[in-house]
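Novice: What follows is protein-v4.pdb; its format and atoms are PDB, C-alpha atoms.
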```
ATOM      1  CA  MET H  10      33.039   2.688 -10.921
ATOM      2  CA  SER H  11      32.971   3.304 -14.677
ATOM      3  CA  ASP H  12      35.883   2.470 -16.944
ATOM      4  CA  THR H  13      36.407   6.142 -17.796
ATOM      5  CA  VAL H  14      36.718   7.053 -14.105
ATOM      6  CA  GLN H  15      39.395   4.390 -13.612
ATOM      7  CA  PHE H  16      41.297   5.497 -16.725
ATOM      8  CA  ASP H  17      43.732   8.440 -16.426
ATOM      9  CA  LEU H  18      44.285  10.025 -19.844
ATOM     10  CA  ASP H  19      47.026  12.349 -18.630
ATOM     11  CA  ALA H  20      49.055   9.481 -17.171
ATOM     12  CA  TYR H  21      48.539   7.357 -20.273
ATOM     13  CA  LEU H  22      49.651  10.089 -22.685
ATOM     14  CA  GLY H  23      52.639  10.785 -20.467
ATOM     15  CA  ARG H  24      53.620   7.118 -20.580
ATOM     16  CA  ILE H  25      53.571   7.009 -24.388
ATOM     17  CA  GLY H  26      55.110  10.456 -24.771
ATOM     18  CA  TRP H  27      52.251  12.013 -26.746
ATOM     19  CA  GLU H  28      52.289  15.818 -26.541
ATOM     20  CA  GLY H  29      50.083  16.550 -29.555
ATOM     21  CA  GLU H  30      46.489  17.678 -29.762
ATOM     22  CA  ARG H  31      43.749  15.835 -27.901
ATOM     23  CA  ARG H  32      41.124  15.838 -30.617
ATOM     24  CA  ALA H  33      39.012  13.082 -32.155
ATOM     25  CA  ASP H  34      40.563  13.424 -35.613
ATOM     26  CA  PRO H  35      42.752  11.266 -37.889
ATOM     27  CA  VAL H  36      45.987  13.054 -36.954
ATOM     28  CA  THR H  37      45.505  12.391 -33.242
ATOM     29  CA  LEU H  38      44.383   8.823 -33.898
ATOM     30  CA  LYS H  39      47.504   8.024 -35.920
ATOM     31  CA  GLY H  40      49.822   9.871 -33.558
ATOM     32  CA  VAL H  41      48.550   8.250 -30.376
ATOM     33  CA  HIS H  42      48.562   4.816 -32.034
ATOM     34  CA  LEU H  43      52.207   5.114 -33.119
ATOM     35  CA  ALA H  44      53.291   6.605 -29.799
ATOM     36  CA  HIS H  45      51.626   3.744 -27.919
ATOM     37  CA  LEU H  46      53.453   1.130 -30.002
ATOM     38  CA  ARG H  47      56.782   2.807 -29.420
ATOM     39  CA  GLY H  48      56.112   3.603 -25.774
ATOM     40  CA  ILE H  49      54.822   0.346 -24.263
ATOM     41  CA  PRO H  50      56.432  -3.038 -24.988
ATOM     42  CA  PHE H  51      54.641  -6.239 -25.933
ATOM     43  CA  GLU H  52      55.222  -9.074 -23.451
ATOM     44  CA  ASN H  53      53.666 -12.291 -22.166
ATOM     45  CA  LEU H  54      55.246 -12.646 -18.720
ATOM     46  CA  ASP H  55      51.919 -13.198 -16.956
ATOM     47  CA  ALA H  56      50.855 -15.899 -19.412
ATOM     48  CA  LEU H  57      54.291 -17.498 -19.114
ATOM     49  CA  ARG H  58      53.390 -18.042 -15.454
ATOM     50  CA  ARG H  59      49.988 -19.467 -16.553
ATOM     51  CA  THR H  60      48.116 -16.412 -15.286
ATOM     52  CA  ALA H  61      45.537 -14.531 -17.343
ATOM     53  CA  PRO H  62      46.312 -10.810 -16.888
ATOM     54  CA  SER H  63      43.525  -8.573 -15.655
ATOM     55  CA  LEU H  64      41.745  -6.424 -18.231
ATOM     56  CA  ASP H  65      40.259  -4.160 -15.588
ATOM     57  CA  PRO H  66      41.106  -0.526 -16.418
ATOM     58  CA  ALA H  67      42.660   0.157 -13.017
ATOM     59  CA  ASP H  68      44.881  -2.914 -13.316
ATOM     60  CA  LEU H  69      45.885  -2.000 -16.876
ATOM     61  CA  MET H  70      46.865   1.469 -15.683
ATOM     62  CA  ALA H  71      48.895   0.019 -12.811
ATOM     63  CA  LYS H  72      50.733  -2.476 -15.012
ATOM     64  CA  LEU H  73      51.186  -0.847 -18.441
ATOM     65  CA  VAL H  74      51.237   2.827 -17.450
ATOM     66  CA  HIS H  75      52.593   3.129 -13.913
ATOM     67  CA  SER H  76      55.176   0.311 -13.920
ATOM     68  CA  ARG H  77      57.935  -1.009 -16.162
ATOM     69  CA  ARG H  78      55.793  -3.651 -17.791
ATOM     70  CA  GLY H  79      53.952  -4.248 -21.043
ATOM     71  CA  GLY H  80      51.271  -6.700 -22.083
ATOM     72  CA  TYR H  81      49.779  -8.678 -24.925
ATOM     73  CA  CYS H  82      46.958  -7.866 -27.340
ATOM     74  CA  TYR H  83      43.967  -7.758 -24.990
ATOM     75  CA  GLU H  84      45.795  -5.486 -22.576
ATOM     76  CA  HIS H  85      47.235  -3.158 -25.216
ATOM     77  CA  ASN H  86      44.079  -2.776 -27.261
ATOM     78  CA  THR H  87      41.797  -2.465 -24.233
ATOM     79  CA  LEU H  88      44.040   0.316 -22.946
ATOM     80  CA  LEU H  89      44.086   2.049 -26.335
ATOM     81  CA  SER H  90      40.309   1.748 -26.637
ATOM     82  CA  LEU H  91      39.877   3.491 -23.269
ATOM     83  CA  ALA H  92      42.153   6.314 -24.423
ATOM     84  CA  LEU H  93      40.384   6.729 -27.753
ATOM     85  CA  GLU H  94      36.930   6.692 -26.188
ATOM     86  CA  THR H  95      38.049   9.319 -23.689
ATOM     87  CA  LEU H  96      39.297  11.449 -26.602
ATOM     88  CA  GLY H  97      35.918  11.199 -28.333
ATOM     89  CA  PHE H  98      36.313   8.341 -30.804
ATOM     90  CA  ARG H  99      33.837   5.488 -31.084
ATOM     91  CA  VAL H 100      35.528   2.099 -30.742
ATOM     92  CA  THR H 101      34.300  -1.415 -31.577
ATOM     93  CA  ARG H 102      36.307  -4.421 -30.410
ATOM     94  CA  LEU H 103      36.836  -7.102 -33.048
ATOM     95  CA  ALA H 104      38.011 -10.712 -32.719
ATOM     96  CA  ALA H 105      40.417 -11.935 -35.390
ATOM     97  CA  ARG H 106      42.005 -15.213 -36.456
ATOM     98  CA  VAL H 107      45.801 -15.026 -36.648
ATOM     99  CA  ILE H 108      46.646 -16.559 -40.018
ATOM    100  CA  LEU H 109      50.356 -15.754 -40.129
ATOM    101  CA  GLY H 110      51.964 -19.147 -40.696
ATOM    102  CA  ALA H 111      48.608 -20.972 -40.755
ATOM    103  CA  GLU H 112      47.624 -23.487 -43.422
ATOM    104  CA  THR H 113      44.139 -21.989 -43.925
ATOM    105  CA  VAL H 114      42.136 -19.042 -42.672
ATOM    106  CA  GLU H 115      39.831 -21.391 -40.760
ATOM    107  CA  SER H 116      42.546 -23.438 -39.037
ATOM    108  CA  ARG H 117      42.888 -21.173 -35.993
ATOM    109  CA  PRO H 118      40.349 -19.752 -33.529
ATOM    110  CA  ARG H 119      39.499 -16.097 -33.051
ATOM    111  CA  THR H 120      41.967 -15.185 -30.334
ATOM    112  CA  HIS H 121      43.309 -11.785 -31.370
ATOM    113  CA  MET H 122      41.743  -8.437 -30.455
ATOM    114  CA  ALA H 123      41.733  -5.594 -32.976
ATOM    115  CA  LEU H 124      39.804  -2.313 -32.975
ATOM    116  CA  LEU H 125      37.473  -0.587 -35.406
ATOM    117  CA  VAL H 126      37.631   3.160 -34.771
ATOM    118  CA  GLU H 127      35.114   5.729 -35.986
ATOM    119  CA  VAL H 128      36.271   9.333 -36.339
ATOM    120  CA  PRO H 129      33.596  12.031 -36.008
ATOM    121  CA  GLY H 130      32.777  13.462 -39.437
ATOM    122  CA  ASP H 131      34.694  10.739 -41.313
ATOM    123  CA  PRO H 132      32.416   8.248 -43.131
ATOM    124  CA  ARG H 133      34.999   5.449 -43.225
ATOM    125  CA  PRO H 134      36.224   3.726 -40.040
ATOM    126  CA  TYR H 135      39.836   2.770 -39.328
ATOM    127  CA  LEU H 136      41.428  -0.520 -38.343
ATOM    128  CA  ALA H 137      43.621   0.096 -35.294
ATOM    129  CA  ASP H 138      45.773  -2.433 -33.470
ATOM    130  CA  VAL H 139      48.644  -1.861 -31.024
ATOM    131  CA  GLY H 140      48.662  -5.433 -29.743
ATOM    132  CA  PHE H 141      49.798  -7.617 -32.628
ATOM    133  CA  GLY H 142      53.180  -8.897 -31.519
ATOM    134  CA  ALA H 143      54.804  -9.356 -34.913
ATOM    135  CA  ILE H 144      56.936  -7.373 -37.334
ATOM    136  CA  GLY H 145      53.980  -7.307 -39.737
ATOM    137  CA  ALA H 146      51.868  -5.325 -37.263
ATOM    138  CA  LEU H 147      50.276  -1.990 -38.080
ATOM    139  CA  LEU H 148      52.222   1.025 -36.877
ATOM    140  CA  GLU H 149      49.383   3.440 -37.646
ATOM    141  CA  PRO H 150      45.654   2.829 -38.143
ATOM    142  CA  VAL H 151      44.525   2.327 -41.741
ATOM    143  CA  PRO H 152      41.151   3.144 -43.314
ATOM    144  CA  LEU H 153      38.881   0.171 -43.807
ATOM    145  CA  ARG H 154      39.286   0.007 -47.580
ATOM    146  CA  ALA H 155      39.924  -3.138 -49.595
ATOM    147  CA  GLY H 156      42.648  -3.435 -52.214
ATOM    148  CA  VAL H 157      44.508  -0.208 -51.356
ATOM    149  CA  GLU H 158      48.134  -0.176 -50.228
ATOM    150  CA  PHE H 159      48.879   1.869 -47.131
ATOM    151  CA  ARG H 160      52.298   3.015 -45.952
ATOM    152  CA  ASP H 161      52.048   3.406 -42.203
ATOM    153  CA  ALA H 162      55.189   4.890 -40.638
ATOM    154  CA  GLY H 163      57.400   2.986 -43.076
ATOM    155  CA  ARG H 164      55.585  -0.348 -43.225
ATOM    156  CA  ARG H 165      53.365  -1.462 -46.095
ATOM    157  CA  HIS H 166      49.907  -2.931 -45.507
ATOM    158  CA  ARG H 167      46.702  -3.603 -47.347
ATOM    159  CA  LEU H 168      43.276  -5.034 -46.578
ATOM    160  CA  VAL H 169      41.671  -7.598 -48.854
ATOM    161  CA  HIS H 170      38.466  -9.596 -48.900
ATOM    162  CA  VAL H 171      38.631 -13.385 -49.026
ATOM    163  CA  PRO H 172      35.761 -15.834 -49.555
ATOM    164  CA  HIS H 173      34.359 -17.771 -46.621
ATOM    165  CA  ARG H 174      31.132 -19.421 -45.531
ATOM    166  CA  GLY H 175      29.847 -16.740 -43.149
ATOM    167  CA  PRO H 176      27.253 -14.036 -43.833
ATOM    168  CA  LEU H 177      29.664 -11.121 -43.197
ATOM    169  CA  GLU H 178      32.559 -10.008 -45.382
ATOM    170  CA  LEU H 179      35.866 -11.476 -44.276
ATOM    171  CA  TRP H 180      38.728  -8.987 -44.173
ATOM    172  CA  VAL H 181      42.400  -9.961 -44.124
ATOM    173  CA  LEU H 182      45.216  -7.642 -43.080
ATOM    174  CA  GLN H 183      48.302  -8.269 -45.199
ATOM    175  CA  ALA H 184      51.830  -6.970 -44.692
ATOM    176  CA  TYR H 185      54.431  -6.640 -47.433
ATOM    177  CA  GLU H 186      57.563  -8.669 -46.775
ATOM    178  CA  GLU H 187      60.625  -7.084 -48.337
ATOM    179  CA  ARG H 188      62.622 -10.282 -47.891
ATOM    180  CA  THR H 189      60.282 -12.356 -50.063
ATOM    181  CA  GLY H 190      58.803  -9.557 -52.157
ATOM    182  CA  SER H 191      55.287 -10.762 -51.408
ATOM    183  CA  TRP H 192      52.201 -10.006 -49.314
ATOM    184  CA  ALA H 193      51.647 -12.147 -46.207
ATOM    185  CA  GLY H 194      48.343 -12.469 -44.367
ATOM    186  CA  GLN H 195      48.520 -11.433 -40.710
ATOM    187  CA  TYR H 196      44.981 -11.980 -39.444
ATOM    188  CA  ALA H 197      41.395 -12.283 -40.660
ATOM    189  CA  PHE H 198      38.310 -10.662 -39.161
ATOM    190  CA  THR H 199      34.700  -9.700 -39.713
ATOM    191  CA  LEU H 200      33.055  -6.550 -38.380
ATOM    192  CA  GLU H 201      30.927  -8.360 -35.815
ATOM    193  CA  PRO H 202      31.337  -6.577 -32.456
ATOM    194  CA  PHE H 203      32.824  -8.588 -29.607
ATOM    195  CA  GLU H 204      32.201  -7.431 -26.052
ATOM    196  CA  LYS H 205      34.231  -7.369 -22.838
ATOM    197  CA  PRO H 206      32.900 -10.722 -21.554
ATOM    198  CA  ASP H 207      33.964 -12.364 -24.819
ATOM    199  CA  PHE H 208      37.537 -11.204 -24.356
ATOM    200  CA  GLU H 209      37.573 -12.175 -20.691
ATOM    201  CA  VAL H 210      37.001 -15.771 -21.821
ATOM    202  CA  ILE H 211      39.503 -15.583 -24.703
ATOM    203  CA  ASN H 212      42.087 -13.937 -22.447
ATOM    204  CA  TRP H 213      41.709 -16.686 -19.853
ATOM    205  CA  HIS H 214      42.171 -19.357 -22.524
ATOM    206  CA  ILE H 215      45.299 -17.778 -24.032
ATOM    207  CA  GLY H 216      46.795 -16.906 -20.640
ATOM    208  CA  THR H 217      46.308 -20.299 -18.950
ATOM    209  CA  ASN H 218      45.977 -23.064 -21.558
ATOM    210  CA  PRO H 219      49.202 -25.136 -21.569
ATOM    211  CA  ARG H 220      48.906 -25.443 -25.371
ATOM    212  CA  SER H 221      48.720 -21.680 -25.872
ATOM    213  CA  PRO H 222      51.856 -20.309 -27.581
ATOM    214  CA  PHE H 223      52.054 -17.602 -24.917
ATOM    215  CA  THR H 224      52.266 -20.020 -21.980
ATOM    216  CA  GLN H 225      55.194 -21.991 -23.395
ATOM    217  CA  GLN H 226      58.049 -19.512 -23.908
ATOM    218  CA  ILE H 227      58.855 -15.862 -23.507
ATOM    219  CA  TYR H 228      57.739 -13.490 -26.252
ATOM    220  CA  VAL H 229      58.749  -9.845 -25.906
ATOM    221  CA  GLN H 230      58.978  -7.110 -28.521
ATOM    222  CA  SER H 231      59.728  -3.407 -28.670
ATOM    223  CA  VAL H 232      59.350  -1.010 -31.588
ATOM    224  CA  SER H 233      61.215   2.190 -32.356
ATOM    225  CA  ALA H 234      61.828   4.277 -35.459
ATOM    226  CA  GLU H 235      65.218   2.572 -35.853
ATOM    227  CA  ARG H 236      64.461  -1.074 -35.125
ATOM    228  CA  HIS H 237      62.123  -3.915 -34.203
ATOM    229  CA  LEU H 238      63.503  -6.010 -31.343
ATOM    230  CA  LEU H 239      62.095  -9.453 -30.512
ATOM    231  CA  LEU H 240      63.009 -11.966 -27.821
ATOM    232  CA  HIS H 241      61.289 -15.279 -28.584
ATOM    233  CA  GLY H 242      62.458 -18.063 -26.329
ATOM    234  CA  SER H 243      66.232 -17.707 -26.231
ATOM    235  CA  LEU H 244      66.493 -16.103 -29.693
ATOM    236  CA  LEU H 245      66.993 -12.341 -29.864
ATOM    237  CA  THR H 246      66.237 -10.836 -33.290
ATOM    238  CA  GLU H 247      66.926  -7.227 -34.214
ATOM    239  CA  THR H 248      65.485  -5.940 -37.482
ATOM    240  CA  ARG H 249      66.755  -2.488 -38.444
ATOM    241  CA  ALA H 250      64.777   0.058 -40.412
ATOM    242  CA  ASP H 251      66.941  -0.643 -43.480
ATOM    243  CA  GLY H 252      65.975  -4.335 -43.375
ATOM    244  CA  THR H 253      69.191  -5.589 -41.797
ATOM    245  CA  VAL H 254      68.548  -8.552 -39.485
ATOM    246  CA  ARG H 255      70.807  -9.724 -36.663
ATOM    247  CA  GLU H 256      70.152 -12.746 -34.480
ATOM    248  CA  ARG H 257      71.848 -14.208 -31.437
ATOM    249  CA  LYS H 258      71.124 -16.711 -28.717
ATOM    250  CA  VAL H 259      70.594 -15.473 -25.179
ATOM    251  CA  PRO H 260      72.797 -17.739 -23.033
ATOM    252  CA  ASP H 261      71.203 -17.584 -19.587
ATOM    253  CA  GLU H 262      68.680 -16.063 -17.173
ATOM    254  CA  THR H 263      71.012 -13.258 -16.133
ATOM    255  CA  GLU H 264      71.398 -12.020 -19.693
ATOM    256  CA  ALA H 265      67.668 -12.414 -20.372
ATOM    257  CA  ARG H 266      66.783 -10.291 -17.347
ATOM    258  CA  ARG H 267      69.373  -7.684 -18.340
ATOM    259  CA  LEU H 268      67.919  -7.489 -21.848
ATOM    260  CA  LEU H 269      64.423  -6.986 -20.509
ATOM    261  CA  GLU H 270      65.596  -4.160 -18.251
ATOM    262  CA  GLU H 271      67.946  -2.346 -20.627
ATOM    263  CA  GLU H 272      66.594  -3.054 -24.114
ATOM    264  CA  PHE H 273      62.865  -3.577 -23.597
ATOM    265  CA  GLY H 274      62.185  -1.406 -20.556
ATOM    266  CA  ILE H 275      60.625  -4.274 -18.596
ATOM    267  CA  THR H 276      61.224  -5.252 -14.987
ATOM    268  CA  ALA H 277      60.420  -8.947 -14.710
ATOM    269  CA  PRO H 278      58.862 -10.293 -11.480
ATOM    270  CA  GLU H 279      61.403 -11.484  -8.934
ATOM    271  CA  GLY H 280      62.114 -15.185  -8.984
ATOM    272  CA  MET H 281      60.488 -15.752 -12.371
ATOM    273  CA  THR H 282      62.163 -18.152 -14.802
ATOM    274  CA  LEU H 283      62.373 -16.410 -18.183
ATOM    275  CA  LEU H 284      63.977 -18.931 -20.511
ATOM    276  CA  GLY H 285      62.420 -22.144 -19.202
TER     277      GLY H 285
END
```
Once you've parsed the file, please lay out its structure as structure tokens.
Specialist:
Amino acid sequence: MSDTVQFDLDAYLGRIGWEGERRADPVTLKGVHLAHLRGIPFENLDALRRTAPSLDPADLMAKLVHSRRGGYCYEHNTLLSLALETLGFRVTRLAARVILGAETVESRPRTHMALLVEVPGDPRPYLADVGFGAIGALLEPVPLRAGVEFRDAGRRHRLVHVPHRGPLELWVLQAYEERTGSWAGQYAFTLEPFEKPDFEVINWHIGTNPRSPFTQQIYVQSVSAERHLLLHGSLLTETRADGTVRERKVPDETEARRLLEEEFGITAPEGMTLLG
């Protein structure tokens, strides 16, 4: 059975609340991307149980679309790629190195999935990514252009080239941090296509390796027009649209499960330990 047969566009668009046009154009691309980010939470509950989540289209539909769950980058961006391909876009999967907080660009492996999206009739592709679980993530796709600042749904991003030893240009996505007044690198990538088997291996590594950051403590985020909400371990951080930040400790499992249900829209598996 092909991926497109297993994927239900109507159910997906209903889940993210997209009621706009279904055309392969920039407006639809940006609208679906933003609606996806606001409609489906980021979470690592499977990896927290040392289980690599399935990237099969039917399983992604069952988990992210038909139940109160979310996923991490491979799940989110695989699901988005299926939607965009069904709508008529051409999508290339890219593997990126997360450099946020890293000492050098080369110090971390390529473990993040991003998407390069081609729009019919548009000579320049777009970088799309609904699976980067950080406040510096893209909210809307941005054209693949170096040195230009983009304002995507209120956030500020730019793409730059940095030197490296490989034969392909190395791109870095940067986000502007209002708190520090500076640009911070989020991840680095080349335009080399990565295929489904590549991400099956990477997904297994990130979802099962005891040294993976996603197997050690809970990491859940939701995005709305008003706020970015993050539960990382026992720390709950709310960042409002005006830049106001509030933090508090989550005291116990009962409160953690309540937060997932009421604030993130996630029903955690029964019997699962959330705070470790």
Novice: Any chance you could work out the axis-aligned box around region 185-201 of chain H, listed atoms only, 8 Å on each side, giving centre and edge lengths in Å to one decimal, as lines of an AutoDock Vina configuration file?
Specialist:
```
center_x = 46.8
center_y = -9.5
center_z = -44.0
size_x = 47.7
size_y = 21.9
size_z = 32.3
```
Novice: Using the chain letters and numbers from the file, which residues does the PyMOL selection byres ((chain H and resi 146-148) around 8) grab, as a ChimeraX atom specification?
Specialist: /H:42-43,46,137-139,141-145,149-150,161-162,164,166,184,195
Novice: Rank nothing, just name the residue among H:Gln226, H:Gln183, H:Thr95, H:Thr37 nearest to Asp17 (chain H), using all atoms listed in the file.
Specialist: H:Thr95
Novice: Would you work out the distance separating CA of His170 (chain H) from CA of Thr199 (chain H), expressed in Å to one decimal?
Specialist: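 Taking CA of His170 (chain H) and CA of Thr199 (chain H), their separation equals 9.9 Å.
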Novice: Using all atoms listed in the file, find each residue of region 28-90 of chain H with at least one atom at most 7 Å away from an atom of region 208-224 of chain H; report its shortest atom-to-atom pair and that distance in Å (one decimal), sort the rows by chain and rising residue number, and return the result as a tab-separated table.
Specialist:
```
residue	atom	partner	partner_atom	distance
H:Asn53	CA	H:Phe223	CA	6.2
H:Ala56	CA	H:Gly216	CA	4.4
H:Leu57	CA	H:Thr224	CA	4.3
H:Arg58	CA	H:Thr224	CA	6.9
H:Arg59	CA	H:Thr217	CA	4.5
H:Thr60	CA	H:Gly216	CA	5.5
H:Ala61	CA	H:Gly216	CA	4.3
H:Tyr83	CA	H:Asn212	CA	6.9
```
Novice: Could you pull the residues within 7 Å of Arg236 (chain H), counting only C-alpha atoms, minus those fewer than 4 positions along the same chain, as a CSV table (one decimal) with C-alpha atoms, keeping the file's coordinate frame?
Specialist:
```csv
chain,number,residue,atom,x,y,z
H,232,VAL,CA,59.4,-1.0,-31.6
H,247,GLU,CA,66.9,-7.2,-34.2
H,248,THR,CA,65.5,-5.9,-37.5
H,249,ARG,CA,66.8,-2.5,-38.4
H,250,ALA,CA,64.8,0.1,-40.4
```
Novice: Which residue gives the smallest distance to Leu239 (chain H) among H:Asp65, H:Asp207, H:Glu272, H:Glu30, with all atoms listed in the file counted?
Specialist: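 Closest to Leu239 (chain H) of all the choices is H:Glu272.
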Novice: Please measure the separation of CA of Tyr196 (chain H) and CA of Glu127 (chain H), giving the value in Å to one decimal.
Specialist: 20.6 Å
Novice: To one decimal in Å, tell me the separation between CA of Glu201 (chain H) and CA of Cys82 (chain H).
Specialist: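 Interatomic distance here is 18.1 Å.
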Novice: Nearest to Glu52 (chain H): which of H:Gly280, H:Gly252, H:Gly175, H:Gly242 is it, counting all atoms listed in the file?
Specialist: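 For Glu52 (chain H), the nearest of the given residues is H:Gly242.
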Novice: For Asp251 (chain H), find every residue with an atom within 12 Å (counting all atoms listed in the file), except residues of its own chain fewer than 6 positions away, and show them as number ranges by chain.
Specialist: H: 163-164, 187-188, 234-237
Novice: Neighbours of Leu283 (chain H) within 10 Å (all atoms listed in the file; same-chain residues fewer than 6 positions away dropped), as a list of chain:residue names?
Specialist: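 Neighbouring residues, sequence-local ones excluded: H:Leu54, H:Leu57, H:Arg58, H:Gln226, H:Ile227, H:Tyr228, H:Gly242, H:Ser243, H:Asp261, H:Glu262, H:Thr263, H:Ala265, H:Arg266, H:Leu269, H:Ala277.
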Novice: When the PyMOL selection byres ((chain H and resi 78) around 8) is applied to the structure above, which residues does it catch, written out as a PyMOL selection string?
Specialist: chain H and resi 49-50+52+72-74+76-77+79-80+274-277
Novice: Missing atoms in region 209-223 of chain H need filling: write out N, CA and C atoms for it as a JSON list (two decimals), keeping the file's coordinate frame.
Specialist:
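Output (part_12.json):
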```json
[["chain", "number", "residue", "atom", "x", "y", "z"],
["H", 209, "GLU", "N", 37.18, -11.59, -21.98],
["H", 209, "GLU", "CA", 37.57, -12.18, -20.69],
["H", 209, "GLU", "C", 37.77, -13.67, -20.85],
["H", 210, "VAL", "N", 36.88, -14.32, -21.60],
["H", 210, "VAL", "CA", 37.00, -15.77, -21.82],
["H", 210, "VAL", "C", 38.22, -16.09, -22.69],
["H", 211, "ILE", "N", 38.37, -15.34, -23.80],
["H", 211, "ILE", "CA", 39.50, -15.58, -24.70],
["H", 211, "ILE", "C", 40.82, -15.33, -23.99],
["H", 212, "ASN", "N", 40.88, -14.28, -23.19],
["H", 212, "ASN", "CA", 42.09, -13.94, -22.45],
["H", 212, "ASN", "C", 42.45, -15.06, -21.47],
["H", 213, "TRP", "N", 41.45, -15.59, -20.79],
["H", 213, "TRP", "CA", 41.71, -16.69, -19.85],
["H", 213, "TRP", "C", 42.26, -17.90, -20.59],
["H", 214, "HIS", "N", 41.70, -18.21, -21.73],
["H", 214, "HIS", "CA", 42.17, -19.36, -22.52],
["H", 214, "HIS", "C", 43.63, -19.16, -22.95],
["H", 215, "ILE", "N", 43.94, -18.02, -23.53],
["H", 215, "ILE", "CA", 45.30, -17.78, -24.03],
["H", 215, "ILE", "C", 46.30, -17.66, -22.89],
["H", 216, "GLY", "N", 45.88, -17.12, -21.75],
["H", 216, "GLY", "CA", 46.80, -16.91, -20.64],
["H", 216, "GLY", "C", 47.03, -18.11, -19.76],
["H", 217, "THR", "N", 46.18, -19.16, -19.87],
["H", 217, "THR", "CA", 46.31, -20.30, -18.95],
["H", 217, "THR", "C", 46.41, -21.65, -19.64],
["H", 218, "ASN", "N", 45.96, -21.77, -20.87],
["H", 218, "ASN", "CA", 45.98, -23.06, -21.56],
["H", 218, "ASN", "C", 47.42, -23.51, -21.81],
["H", 219, "PRO", "N", 47.81, -24.70, -21.36],
["H", 219, "PRO", "CA", 49.20, -25.14, -21.57],
["H", 219, "PRO", "C", 49.58, -25.29, -23.04],
["H", 220, "ARG", "N", 48.60, -25.34, -23.94],
["H", 220, "ARG", "CA", 48.91, -25.44, -25.37],
["H", 220, "ARG", "C", 48.94, -24.07, -26.06],
["H", 221, "SER", "N", 48.64, -23.02, -25.31],
["H", 221, "SER", "CA", 48.72, -21.68, -25.87],
["H", 221, "SER", "C", 50.18, -21.32, -26.17],
["H", 222, "PRO", "N", 50.46, -20.68, -27.30],
["H", 222, "PRO", "CA", 51.86, -20.31, -27.58],
["H", 222, "PRO", "C", 52.42, -19.34, -26.56],
["H", 223, "PHE", "N", 51.56, -18.60, -25.86],
["H", 223, "PHE", "CA", 52.05, -17.60, -24.92],
["H", 223, "PHE", "C", 52.34, -18.17, -23.53]]
```
